[in-house]
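*Asks:* Sharing model30.cif here; it has mmCIF, C-alpha atoms.
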data_protein
#
loop_
_atom_site.label_atom_id
_atom_site.label_comp_id
_atom_site.auth_asym_id
_atom_site.auth_seq_id
_atom_site.Cartn_x
_atom_site.Cartn_y
_atom_site.Cartn_z
CA MET Q 140 50.44 -20.02 6.79
CA PRO Q 141 47.70 -22.70 7.03
CA SER Q 142 48.81 -26.28 6.79
CA LEU Q 143 48.59 -28.16 3.51
CA LYS Q 144 45.96 -30.56 4.80
CA ASP Q 145 43.68 -27.75 6.05
CA VAL Q 146 43.72 -26.02 2.68
CA LYS Q 147 43.04 -29.24 0.85
CA THR Q 148 40.03 -30.05 3.06
CA LYS Q 149 38.69 -26.57 2.47
CA ILE Q 150 39.04 -26.86 -1.30
CA THR Q 151 37.17 -30.18 -1.29
CA GLY Q 152 34.46 -28.62 0.86
CA VAL Q 153 33.96 -25.64 -1.42
CA LYS Q 154 33.88 -27.90 -4.47
CA LYS Q 155 31.13 -29.99 -2.89
CA THR Q 156 29.14 -26.84 -2.12
CA SER Q 157 29.45 -25.72 -5.71
CA GLN Q 158 28.10 -29.08 -6.85
CA ILE Q 159 25.04 -28.51 -4.69
CA THR Q 160 24.48 -24.94 -5.85
CA LYS Q 161 24.92 -26.03 -9.44
CA ALA Q 162 22.33 -28.76 -8.99
CA MET Q 163 19.96 -26.30 -7.32
CA ASN Q 164 20.44 -23.91 -10.20
CA MET Q 165 19.44 -26.58 -12.67
CA VAL Q 166 16.45 -27.71 -10.62
CA ALA Q 167 15.31 -24.09 -10.29
CA SER Q 168 15.60 -23.48 -14.01
CA ALA Q 169 13.58 -26.61 -14.74
CA LYS Q 170 10.90 -25.56 -12.25
CA LEU Q 171 10.97 -22.02 -13.57
CA ARG Q 172 10.01 -23.26 -17.02
CA GLY Q 173 6.85 -24.84 -15.63
CA ALA Q 174 5.98 -21.91 -13.40
CA GLN Q 175 6.63 -19.36 -16.11
CA GLN Q 176 4.40 -21.29 -18.52
CA ARG Q 177 1.63 -21.34 -15.93
CA ILE Q 178 1.72 -17.64 -15.19
CA GLU Q 179 1.97 -16.73 -18.86
CA ASP Q 180 -1.03 -18.92 -19.63
CA PHE Q 181 -2.99 -17.54 -16.73
CA ARG Q 182 -2.28 -13.86 -17.29
CA PRO Q 183 -4.56 -13.39 -20.33
CA TYR Q 184 -7.42 -14.91 -18.32
CA ALA Q 185 -6.77 -12.72 -15.30
CA GLU Q 186 -6.38 -9.60 -17.42
CA LYS Q 187 -9.55 -10.26 -19.43
CA PHE Q 188 -11.32 -10.87 -16.17
CA GLN Q 189 -10.09 -7.59 -14.74
CA PHE Q 190 -11.09 -5.80 -17.89
CA ALA Q 191 -14.59 -7.28 -17.84
CA MET Q 192 -14.94 -6.44 -14.15
CA GLY Q 193 -13.75 -2.92 -14.87
CA ASN Q 194 -16.48 -2.54 -17.48
CA MET Q 195 -19.11 -3.87 -15.15
CA ALA Q 196 -18.05 -1.96 -12.09
CA GLY Q 197 -18.93 1.24 -13.90
CA SER Q 198 -22.53 0.14 -14.35
CA VAL Q 199 -23.36 -1.20 -10.90
CA ASP Q 200 -23.78 0.54 -7.59
CA PRO Q 201 -20.82 -0.43 -5.37
CA ALA Q 202 -22.77 0.14 -2.18
CA GLN Q 203 -25.09 -2.68 -3.15
CA TYR Q 204 -22.41 -5.34 -2.92
CA PRO Q 205 -20.68 -5.85 0.43
CA LEU Q 206 -17.43 -6.92 -1.25
CA MET Q 207 -17.28 -3.66 -3.17
CA ALA Q 208 -18.38 -1.38 -0.35
CA VAL Q 209 -15.80 1.25 0.53
CA ARG Q 210 -15.61 1.83 4.25
CA GLU Q 211 -13.47 4.15 6.26
CA ALA Q 212 -10.29 2.12 6.66
CA LYS Q 213 -9.50 1.70 10.34
CA LYS Q 214 -8.26 -1.84 10.15
CA VAL Q 215 -6.05 -2.84 7.27
CA GLU Q 216 -5.18 -6.39 6.48
CA LEU Q 217 -2.07 -7.26 4.51
CA VAL Q 218 -1.89 -10.52 2.60
CA ILE Q 219 1.82 -11.16 2.19
CA VAL Q 220 2.75 -13.78 -0.34
CA SER Q 221 6.27 -15.19 -0.09
CA SER Q 222 8.04 -18.41 -0.98
CA ASP Q 223 8.06 -21.53 1.19
CA ARG Q 224 11.79 -22.08 0.82
CA GLY Q 225 14.87 -20.02 1.21
CA LEU Q 226 18.14 -19.93 -0.69
CA CYS Q 227 16.74 -17.64 -3.31
CA GLY Q 228 18.87 -14.59 -2.69
CA SER Q 229 17.19 -11.41 -1.53
CA PHE Q 230 13.86 -12.41 -3.08
CA ASN Q 231 11.84 -12.68 0.14
CA ALA Q 232 13.76 -9.87 1.80
CA HIS Q 233 12.56 -7.49 -0.92
CA ILE Q 234 8.94 -8.48 -0.33
CA PHE Q 235 9.31 -8.06 3.43
CA LYS Q 236 11.01 -4.71 3.03
CA LEU Q 237 8.03 -3.46 1.07
CA ALA Q 238 5.66 -5.03 3.60
CA ASP Q 239 7.45 -3.36 6.52
CA LYS Q 240 7.23 -0.05 4.71
CA GLU Q 241 3.50 -0.48 4.15
CA ILE Q 242 2.93 -1.52 7.77
CA ALA Q 243 4.81 1.53 9.00
CA ARG Q 244 2.81 3.74 6.64
CA PHE Q 245 -0.57 2.40 7.76
CA GLU Q 246 0.39 2.57 11.41
CA SER Q 247 1.57 6.14 11.10
CA GLU Q 248 -1.92 6.89 9.74
CA GLY Q 249 -3.32 5.39 12.92
CA LYS Q 250 -4.67 2.24 11.33
CA GLU Q 251 -4.63 -1.20 12.82
CA VAL Q 252 -2.68 -3.71 10.77
CA SER Q 253 -3.19 -7.45 10.67
CA ILE Q 254 -1.25 -9.87 8.52
CA VAL Q 255 -2.15 -12.97 6.57
CA CYS Q 256 0.98 -14.90 5.68
CA VAL Q 257 1.08 -17.05 2.58
CA GLY Q 258 4.26 -19.11 2.39
CA LYS Q 259 6.56 -20.31 5.16
CA LYS Q 260 9.07 -17.51 4.86
CA ALA Q 261 6.52 -14.78 5.51
CA ALA Q 262 5.22 -16.70 8.52
CA ALA Q 263 8.75 -17.00 9.91
CA TYR Q 264 9.55 -13.35 9.32
CA PHE Q 265 6.39 -11.89 10.85
CA ARG Q 266 6.05 -14.46 13.65
CA LYS Q 267 7.36 -12.12 16.30
CA SER Q 268 5.50 -9.03 15.12
CA GLY Q 269 2.34 -10.24 16.86
CA LYS Q 270 0.20 -9.06 13.96
CA VAL Q 271 -0.23 -12.35 12.15
CA ARG Q 272 -3.88 -13.35 12.02
CA ILE Q 273 -3.51 -16.53 10.05
CA LYS Q 274 -0.79 -18.27 8.09
CA TYR Q 275 -0.79 -20.62 5.15
CA ALA Q 276 2.33 -22.65 4.53
CA ASP Q 277 3.48 -25.38 2.19
CA LEU Q 278 1.19 -24.54 -0.67
CA MET Q 279 3.45 -22.60 -3.01
CA GLY Q 280 4.76 -25.80 -4.55
CA SER Q 281 1.39 -27.06 -5.73
CA PHE Q 282 -0.45 -24.95 -8.21
CA GLN Q 283 -3.94 -25.57 -6.98
CA MET Q 284 -6.79 -23.18 -7.44
CA PHE Q 285 -8.49 -24.43 -4.26
CA ASN Q 286 -5.61 -23.16 -2.13
CA ALA Q 287 -6.24 -19.69 -3.48
CA ARG Q 288 -9.97 -20.13 -2.97
CA GLU Q 289 -9.46 -21.02 0.68
CA ILE Q 290 -7.39 -17.89 1.26
CA ALA Q 291 -9.79 -15.67 -0.68
CA GLN Q 292 -12.80 -17.00 1.22
CA ASP Q 293 -11.13 -16.51 4.57
CA VAL Q 294 -10.05 -12.97 3.76
CA ALA Q 295 -13.51 -12.14 2.39
CA ALA Q 296 -15.24 -13.55 5.49
CA ASN Q 297 -13.00 -11.44 7.69
CA PHE Q 298 -13.76 -8.39 5.60
CA LEU Q 299 -17.50 -8.99 5.65
CA ALA Q 300 -17.42 -9.53 9.41
CA GLY Q 301 -15.97 -6.03 9.75
CA GLU Q 302 -12.67 -7.30 11.14
CA SER Q 303 -10.85 -5.53 8.32
CA ASP Q 304 -11.91 -2.53 6.25
CA GLN Q 305 -9.33 -2.80 3.54
CA VAL Q 306 -7.18 -5.66 2.29
CA GLU Q 307 -3.91 -5.11 0.51
CA MET Q 308 -1.91 -7.81 -1.16
CA ILE Q 309 1.87 -7.77 -1.28
CA TYR Q 310 3.59 -10.08 -3.70
CA SER Q 311 6.36 -10.18 -6.22
CA ARG Q 312 5.42 -9.71 -9.84
CA PHE Q 313 7.29 -11.82 -12.35
CA VAL Q 314 8.53 -9.38 -14.98
CA SER Q 315 11.31 -11.44 -16.47
CA VAL Q 316 13.82 -14.05 -15.38
CA ALA Q 317 16.19 -11.27 -14.38
CA MET Q 318 13.59 -9.05 -12.75
CA GLN Q 319 10.97 -9.58 -10.09
CA LYS Q 320 9.10 -6.61 -8.76
CA PRO Q 321 7.57 -6.45 -5.27
CA THR Q 322 4.07 -5.03 -5.73
CA VAL Q 323 1.16 -3.85 -3.60
CA ALA Q 324 -2.38 -4.32 -4.89
CA THR Q 325 -5.73 -3.69 -3.26
CA LEU Q 326 -7.76 -6.86 -2.96
CA LEU Q 327 -10.76 -5.57 -1.03
CA PRO Q 328 -12.98 -3.65 -1.39
CA ILE Q 329 -13.08 -4.74 -5.01
CA SER Q 330 -12.55 -1.76 -7.25
CA PRO Q 331 -11.54 -3.17 -10.62
CA GLU Q 332 -10.53 0.21 -12.04
CA ALA Q 333 -7.55 0.18 -9.74
CA HIS Q 334 -6.30 -3.01 -11.37
CA VAL Q 335 -6.93 -2.12 -14.98
CA GLY Q 336 -3.67 -0.18 -15.19
CA GLU Q 337 -1.80 -2.79 -17.20
CA THR Q 338 -4.40 -3.22 -19.90
CA ALA Q 339 -4.26 -0.01 -21.83
CA GLU Q 340 -7.92 0.17 -22.83
CA ALA Q 341 -9.96 2.36 -20.56
CA ALA Q 342 -12.98 0.93 -18.82
CA VAL Q 343 -16.23 2.07 -20.34
CA SER Q 344 -19.40 2.10 -18.35
CA GLN Q 345 -22.48 1.01 -20.18
CA ASP Q 346 -25.78 -0.59 -19.42
CA TYR Q 347 -25.47 -4.32 -19.48
CA ILE Q 348 -28.10 -6.91 -20.14
CA TYR Q 349 -27.66 -9.36 -17.30
CA GLU Q 350 -28.49 -13.00 -17.68
CA PRO Q 351 -29.53 -13.95 -14.95
CA SER Q 352 -29.95 -10.85 -12.77
CA ALA Q 353 -27.07 -8.52 -11.91
CA GLU Q 354 -27.24 -9.58 -8.26
CA GLU Q 355 -26.93 -13.26 -9.05
CA ILE Q 356 -24.06 -12.70 -11.45
CA MET Q 357 -22.19 -10.49 -9.02
CA ASP Q 358 -22.67 -13.04 -6.24
CA VAL Q 359 -20.74 -15.51 -8.37
CA LEU Q 360 -18.31 -13.16 -10.04
CA LEU Q 361 -17.00 -11.18 -7.10
CA PRO Q 362 -15.73 -14.22 -5.14
CA LEU Q 363 -14.42 -15.72 -8.37
CA TYR Q 364 -12.60 -12.48 -9.09
CA MET Q 365 -10.94 -12.68 -5.68
CA ASN Q 366 -9.90 -16.28 -6.32
CA VAL Q 367 -8.40 -15.31 -9.64
CA THR Q 368 -6.53 -12.38 -8.11
CA VAL Q 369 -5.13 -14.41 -5.22
CA TYR Q 370 -4.26 -17.32 -7.49
CA ARG Q 371 -2.52 -15.02 -9.91
CA SER Q 372 -0.40 -13.48 -7.16
CA MET Q 373 0.60 -16.97 -6.02
CA LEU Q 374 1.61 -17.95 -9.52
CA GLU Q 375 3.56 -14.71 -9.91
CA VAL Q 376 5.40 -15.34 -6.66
CA SER Q 377 6.21 -18.91 -7.50
CA ALA Q 378 7.63 -18.01 -10.91
CA SER Q 379 9.58 -15.14 -9.34
CA GLU Q 380 10.90 -17.42 -6.62
CA HIS Q 381 12.36 -19.91 -9.08
CA ALA Q 382 13.85 -17.15 -11.19
CA ALA Q 383 15.42 -15.55 -8.12
CA ARG Q 384 16.78 -18.88 -6.93
CA MET Q 385 18.25 -19.61 -10.33
CA THR Q 386 20.14 -16.31 -10.32
CA ALA Q 387 21.22 -16.69 -6.70
CA MET Q 388 22.50 -20.21 -7.25
CA ASP Q 389 24.31 -19.19 -10.41
CA ASN Q 390 26.08 -16.46 -8.45
CA ALA Q 391 26.89 -18.91 -5.69
CA THR Q 392 28.40 -21.38 -8.16
CA ASN Q 393 30.56 -18.63 -9.63
CA ALA Q 394 31.64 -17.50 -6.18
CA CYS Q 395 32.62 -21.09 -5.37
CA GLY Q 396 34.81 -21.16 -8.48
CA ASP Q 397 36.58 -17.97 -7.35
CA ILE Q 398 37.16 -19.33 -3.86
CA VAL Q 399 38.57 -22.60 -5.21
CA HIS Q 400 40.91 -20.62 -7.45
CA ASN Q 401 42.20 -18.50 -4.55
CA LEU Q 402 42.54 -21.49 -2.25
CA THR Q 403 44.52 -23.36 -4.90
CA LEU Q 404 46.98 -20.46 -5.00
CA VAL Q 405 47.33 -20.63 -1.22
CA TYR Q 406 47.76 -24.40 -1.42
CA ASN Q 407 50.49 -24.16 -4.04
CA LYS Q 408 52.31 -21.48 -2.10
CA ALA Q 409 52.19 -23.56 1.08
CA ARG Q 410 53.46 -26.61 -0.80
CA GLN Q 411 56.30 -24.62 -2.40
CA SER Q 412 57.38 -23.11 0.91
CA GLY Q 413 57.39 -26.63 2.39
CA ILE Q 414 59.70 -27.85 -0.36
CA THR Q 415 61.98 -24.82 0.04
CA ALA Q 416 62.24 -25.42 3.78
CA GLU Q 417 63.15 -29.09 3.20
CA LEU Q 418 65.80 -28.15 0.64
CA MET Q 419 67.28 -25.65 3.07
CA ASP Q 420 67.46 -28.45 5.62
CA ILE Q 421 69.32 -30.76 3.25
CA VAL Q 422 71.70 -28.04 2.09
CA GLY Q 423 72.32 -27.00 5.70
CA GLY Q 424 73.05 -30.64 6.68
CA ALA Q 425 75.48 -31.11 3.78
CA GLU Q 426 77.30 -27.89 4.65
CA ALA Q 427 77.67 -29.06 8.24
CA LEU Q 428 79.16 -32.44 7.18
CA LYS Q 429 81.67 -30.72 4.87
CA GLY Q 430 82.87 -28.48 7.64
CA MET S 157 -19.11 -9.19 -46.53
CA ALA S 158 -21.21 -9.06 -43.43
CA GLU S 159 -20.03 -7.34 -40.31
CA THR S 160 -18.09 -9.43 -37.85
CA ILE S 161 -17.72 -9.59 -34.11
CA HIS S 162 -14.46 -10.29 -32.34
CA LEU S 163 -14.54 -13.55 -30.41
CA GLU S 164 -12.14 -14.40 -27.63
CA VAL S 165 -12.15 -17.57 -25.56
CA VAL S 166 -9.81 -17.47 -22.61
CA THR S 167 -9.24 -20.15 -19.98
CA PRO S 168 -6.88 -20.29 -17.00
CA LYS S 169 -4.63 -22.39 -19.22
CA GLY S 170 -4.33 -19.75 -21.91
CA ALA S 171 -6.24 -18.19 -24.78
CA VAL S 172 -8.00 -20.71 -27.01
CA ILE S 173 -9.48 -18.57 -29.76
CA SER S 174 -9.07 -15.00 -30.87
CA ASP S 175 -10.83 -14.41 -34.16
CA ASP S 176 -13.32 -12.23 -36.04
CA VAL S 177 -16.45 -14.27 -36.64
CA ASP S 178 -19.96 -13.86 -38.08
CA ILE S 179 -22.06 -15.40 -35.34
CA VAL S 180 -21.58 -17.04 -31.96
CA THR S 181 -24.05 -19.39 -30.30
CA ALA S 182 -23.48 -20.30 -26.68
CA PRO S 183 -25.17 -22.19 -23.84
CA GLY S 184 -26.20 -19.38 -21.49
CA TYR S 185 -27.98 -19.34 -18.18
CA GLY S 186 -31.45 -19.24 -19.69
CA GLY S 187 -30.69 -21.48 -22.67
CA GLU S 188 -28.88 -21.09 -25.96
CA PHE S 189 -28.34 -17.60 -27.25
CA GLY S 190 -26.83 -16.21 -30.41
CA VAL S 191 -24.70 -13.11 -30.75
CA LEU S 192 -24.21 -11.20 -33.98
CA ALA S 193 -22.11 -8.15 -34.73
CA ASN S 194 -22.92 -4.97 -32.79
CA HIS S 195 -24.83 -6.79 -30.09
CA ALA S 196 -25.83 -4.74 -27.05
CA ALA S 197 -23.58 -5.01 -23.99
CA MET S 198 -24.42 -8.19 -22.16
CA LEU S 199 -23.18 -10.36 -19.37
CA SER S 200 -24.23 -13.95 -18.98
CA THR S 201 -23.13 -17.02 -17.12
CA ILE S 202 -22.18 -19.99 -19.26
CA LYS S 203 -23.18 -23.55 -18.62
CA ILE S 204 -21.29 -26.65 -19.61
CA GLY S 205 -22.10 -27.31 -23.22
CA VAL S 206 -21.29 -26.64 -26.83
CA MET S 207 -20.47 -23.24 -28.21
CA THR S 208 -20.52 -22.80 -31.97
CA TYR S 209 -19.26 -19.98 -34.11
CA ARG S 210 -19.38 -19.39 -37.81
CA LYS S 211 -16.79 -17.73 -39.93
CA ALA S 212 -17.04 -17.50 -43.70
CA GLU S 213 -19.74 -20.18 -43.93
CA GLN S 214 -17.68 -22.55 -41.84
CA GLU S 215 -19.08 -23.68 -38.55
CA ARG S 216 -16.88 -24.76 -35.67
CA ARG S 217 -17.89 -26.23 -32.35
CA ILE S 218 -16.14 -25.89 -29.05
CA MET S 219 -16.80 -27.57 -25.76
CA VAL S 220 -16.97 -25.04 -22.94
CA SER S 221 -17.38 -25.64 -19.23
CA GLY S 222 -18.71 -23.23 -16.67
CA GLY S 223 -17.83 -19.56 -16.61
CA PHE S 224 -19.24 -16.36 -17.99
CA CYS S 225 -19.20 -14.29 -21.13
CA GLU S 226 -19.13 -10.58 -21.68
CA VAL S 227 -20.28 -8.72 -24.76
CA SER S 228 -19.26 -5.11 -25.25
CA ASN S 229 -17.90 -2.88 -28.01
CA ASN S 230 -18.52 -5.51 -30.66
CA GLN S 231 -16.38 -7.98 -28.81
CA ILE S 232 -17.47 -11.15 -27.11
CA THR S 233 -15.21 -12.62 -24.46
CA PHE S 234 -15.70 -16.02 -22.90
CA LEU S 235 -14.01 -16.61 -19.58
CA VAL S 236 -14.47 -20.29 -18.89
CA GLU S 237 -12.80 -22.99 -16.87
CA SER S 238 -11.95 -25.01 -19.94
CA ALA S 239 -12.55 -24.96 -23.66
CA GLU S 240 -11.71 -27.65 -26.17
CA VAL S 241 -11.94 -27.65 -29.93
CA GLY S 242 -13.22 -30.73 -31.73
CA GLU S 243 -9.94 -32.10 -33.06
CA LYS S 244 -8.29 -32.02 -29.67
CA ILE S 245 -10.90 -34.01 -27.83
CA ASP S 246 -9.96 -37.49 -26.75
CA VAL S 247 -13.12 -39.38 -27.69
CA ASP S 248 -12.16 -42.57 -25.88
CA ARG S 249 -11.46 -40.66 -22.71
CA ALA S 250 -14.75 -38.80 -22.94
CA MET S 251 -16.55 -42.09 -23.54
CA ARG S 252 -14.95 -43.63 -20.49
CA ALA S 253 -15.74 -40.54 -18.45
CA LYS S 254 -19.35 -40.74 -19.57
CA GLU S 255 -19.68 -44.37 -18.53
CA ARG S 256 -17.95 -43.70 -15.23
CA ALA S 257 -20.23 -40.76 -14.50
CA GLU S 258 -23.32 -42.79 -15.35
CA LYS S 259 -22.22 -45.56 -13.00
CA ARG S 260 -21.57 -43.06 -10.23
CA LEU S 261 -24.94 -41.45 -10.76
CA ALA S 262 -26.65 -44.82 -10.49
CA ALA S 263 -24.72 -45.57 -7.32
CA ALA S 264 -25.38 -42.14 -5.86
CA ALA S 265 -29.10 -42.47 -6.48
CA THR S 266 -29.23 -45.49 -4.19
CA GLN S 267 -26.93 -44.07 -1.51
CA LYS S 268 -28.29 -40.52 -1.55
CA GLU S 269 -24.87 -38.91 -1.51
CA LYS S 270 -25.62 -35.38 -2.55
CA ILE S 271 -22.09 -34.12 -3.22
CA ASN S 272 -21.03 -37.06 -5.32
CA GLN S 273 -24.22 -36.78 -7.28
CA THR S 274 -23.63 -33.14 -8.25
CA ARG S 275 -20.05 -33.91 -9.15
CA ALA S 276 -21.03 -36.90 -11.24
CA GLU S 277 -23.71 -34.85 -12.98
CA ALA S 278 -21.20 -32.17 -13.88
CA ALA S 279 -18.78 -34.82 -15.13
CA LEU S 280 -21.53 -36.37 -17.24
CA HIS S 281 -22.44 -32.99 -18.73
CA ARG S 282 -18.83 -32.34 -19.63
CA ALA S 283 -18.41 -35.77 -21.19
CA LEU S 284 -21.59 -35.39 -23.21
CA ALA S 285 -20.59 -31.91 -24.41
CA ARG S 286 -17.19 -33.23 -25.46
CA LEU S 287 -18.78 -36.05 -27.39
CA ARG S 288 -21.20 -33.68 -29.08
CA VAL S 289 -18.34 -31.45 -30.18
CA ALA S 290 -16.37 -34.41 -31.43
CA GLY S 291 -19.44 -35.44 -33.37
CA ARG S 292 -19.78 -38.83 -31.72
CA SER S 293 -22.98 -38.59 -29.78
CA GLU S 294 -26.06 -40.56 -30.34
#
Is it possible to express this structure as structure tokens?
*Replies:*
Amino acid sequence: MPSLKDVKTKITGVKKTSQITKAMNMVASAKLRGAQQRIEDFRPYAEKFQFAMGNMAGSVDPAQYPLMAVREAKKVELVIVSSDRGLCGSFNAHIFKLADKEIARFESEGKEVSIVCVGKKAAAYFRKSGKVRIKYADLMGSFQMFNAREIAQDVAANFLAGESDQVEMIYSRFVSVAMQKPTVATLLPISPEAHVGETAEAAVSQDYIYEPSAEEIMDVLLPLYMNVTVYRSMLEVSASEHAARMTAMDNATNACGDIVHNLTLVYNKARQSGITAELMDIVGGAEALKG
Amino acid sequence: MAETIHLEVVTPKGAVISDDVDIVTAPGYGGEFGVLANHAAMLSTIKIGVMTYRKAEQERRIMVSGGFCEVSNNQITFLVESAEVGEKIDVDRAMRAKERAEKRLAAAATQKEKINQTRAEAALHRALARLRVAGRSE
């Protein structure tokens, strides 16, 4: 039987922890509201963009644009987007599980895999794998387009230099507060049809009037399309992260309540047995005096 | 009733307009262009400026900044960095931005700072377009 003081210290400790988890839950839900708003505002733009690109891709020759050129994939690059912070349940673990699966799949096909980590947690997880080419940390908190642009440009330069033949992006799609779905999407070579999936309308190929020329437009649009795709994945991850943390912290707060309840029972039992023992002492002493 | 074309203006901060309209006029790469119903498929870059559309004899103006527009299947979609309708424009802010940009341009001309000059020019264009939409330009 633990001593009264030990149990009491433990109860106080657990209560303090639950205060922290409760606060984190509330902070996460406040941040989620902002992040959710951002991704929901951005999605129509990204989807329209994909749709427009899907239409155009049908009417241009992919071989003409290096970013669209399909090469035999010998080197695959994975862009893994995770959160910067922990304490969000199994959120990052799910992303890494999918990433590990993809790595194993590509390697079994005899392809070389390199990794670009976005977010601290991915960098920490893949640090020892020896595959990390470059890592970006501490940018999930700020919703800045230029962060995405930097990543997109770097990945594109690597692709154009022939250091990678295919680029896949692994991130967590924000479906709802209760559901985040780890997803793989092809970033390069750009083949918009692959992305259209969500928008039901099928891409139609037709002859476009280009203003200015098709080449000039594509030179601007293809990099922009990459920015938008990377940026979207970052927004998705950040909304997912806050949702996951909110749920995790809510569970933690509930668990703390359960522990406090159980510990209180233990405490009361210990106190009662102490009183009983004292009473026995007194009764025993009185009996002895009588004798 | 004349035929209409479906207009959509979408920015990274959400959809601004989704409506069936009679005609759209926009600042394209090679100058202003107008789009009526059943226009041929087209793709054009969009410059900072004023886009107007007409619906049932009513004309509305919108400030758009850089991006592109796609016309297909009797639908015109603008994908631009920002778009603001007249009522929502802060005239004072645009005025201040205009003055600031003009000052910067004057300063940049003497110092020959290329980057600041392009940025100031873009800012000036945006401010002027906003003022035009708000109907307060000279």
*Asks:* Would you kindly return, as a list in words, each protein, DNA or RNA residue with an atom no farther than 7 Å from any atom of Ser200 of chain S, considering all atoms listed in the file and excluding same-chain residues fewer than 6 positions away?
*Replies:*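 Residues meeting the cut-off are Tyr349, Glu350 and Pro351 of chain Q; Gly184, Tyr185, Phe224, Cys225 and Glu226 of chain S.
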*Asks:* Running the PyMOL selection byres ((chain S) within 6 of (chain Q)) on this model by hand, what would come out? Give it as a PyMOL selection string.
*Replies:* chain S and resi 166-170+197-200
*Asks:* Take the residues from that selection and put them in a file with C-alpha atoms, as an mmCIF file, in the frame of the given file.
*Replies:*
data_model
loop_
_atom_site.group_PDB
_atom_site.id
_atom_site.type_symbol
_atom_site.label_atom_id
_atom_site.label_comp_id
_atom_site.auth_asym_id
_atom_site.auth_seq_id
_atom_site.Cartn_x
_atom_site.Cartn_y
_atom_site.Cartn_z
ATOM 1 C CA VAL S 166 -9.810 -17.470 -22.610
ATOM 2 C CA THR S 167 -9.240 -20.150 -19.980
ATOM 3 C CA PRO S 168 -6.880 -20.290 -17.000
ATOM 4 C CA LYS S 169 -4.630 -22.390 -19.220
ATOM 5 C CA GLY S 170 -4.330 -19.750 -21.910
ATOM 6 C CA ALA S 197 -23.580 -5.010 -23.990
ATOM 7 C CA MET S 198 -24.420 -8.190 -22.160
ATOM 8 C CA LEU S 199 -23.180 -10.360 -19.370
ATOM 9 C CA SER S 200 -24.230 -13.950 -18.980
#
*Asks:* To box segment 260-269 of chain Q, take all atoms listed in the file, fit an axis-aligned box, add 3 Å on each side, and give centre and edge lengths in Å to one decimal, as AutoDock Vina command-line options.
*Replies:*
--center_x 5.9 --center_y -13.3 --center_z 10.9 --size_x 13.2 --size_y 14.5 --size_z 18.0
*Asks:* Decode the PyMOL selection byres ((chain Q and resi 258) around 10) for the given file into explicit residues and return them as a list in words.
*Replies:*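 That selection, the PyMOL selection byres ((chain Q and resi 258) around 10), comes back as Ile219, Val220, Ser221, Ser222, Asp223, Arg224, Val255, Cys256, Val257, Lys259, Lys260, Ala261, Ala262, Ala263, Lys274, Tyr275, Ala276, Asp277, Leu278, Met279, Gly280, Met373 and Val376 of chain Q.
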*Asks:* Could you please give me, as a list in words, the residues of protein, DNA or RNA lying at most 10 Å from (-19.8, -8.3, -30.3) in the coordinate frame of the file, considering all atoms listed in the file?
*Replies:*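 Collected hits near the coordinates: Thr160, Ile161, His162, Leu163, Asp176, Val177, Asp178, Ile179, Val180, Val191, Leu192, Ala193, Asn194, His195, Ala196, Ala197, Met198, Glu226, Val227, Ser228, Asn229, Asn230, Gln231, Ile232 and Thr233 of chain S.
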*Asks:* Please write as a ChimeraX atom specification the full residue list that the PyMOL selection byres ((chain Q and resi 251) around 8) yields on this file.
*Replies:* /Q:213-215,245-246,249-250,252-253
*Asks:* How many Å separate atom CA of Val306 of chain Q from atom CA of Asp358 of chain Q?
*Replies:*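 About the pair atom CA of Val306 of chain Q and atom CA of Asp358 of chain Q: they are 19.2 Å apart.
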*Asks:* Within 10 Å of Tyr264 of chain Q, counting all atoms listed in the file, which residues qualify if same-chain residues fewer than 6 places away don't, as number ranges by chain?
*Replies:* Q: 231-232, 235, 256
*Asks:* Determine, counting all atoms listed in the file, which protein, DNA and RNA residues have an atom within 8 Å of an atom of Gly228 of chain Q; residues of the same chain fewer than 5 positions away are not included. Present the result as a PDB file with C-alpha atoms, in the frame of the given file.
*Replies:*
ATOM      1  CA  ALA Q 383      15.420 -15.550  -8.120  1.00  0.00           C
ATOM      2  CA  ARG Q 384      16.780 -18.880  -6.930  1.00  0.00           C
ATOM      3  CA  THR Q 386      20.140 -16.310 -10.320  1.00  0.00           C
ATOM      4  CA  ALA Q 387      21.220 -16.690  -6.700  1.00  0.00           C
TER       5      ALA Q 387
END
*Asks:* So, with all atoms listed in the file as the atoms that count, which of Q:Leu226, Q:Leu237, Q:Leu402, Q:Ala296 lies closest to Ile150 of chain Q?
*Replies:*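 Smallest separation from Ile150 of chain Q among the options: Q:Leu402.
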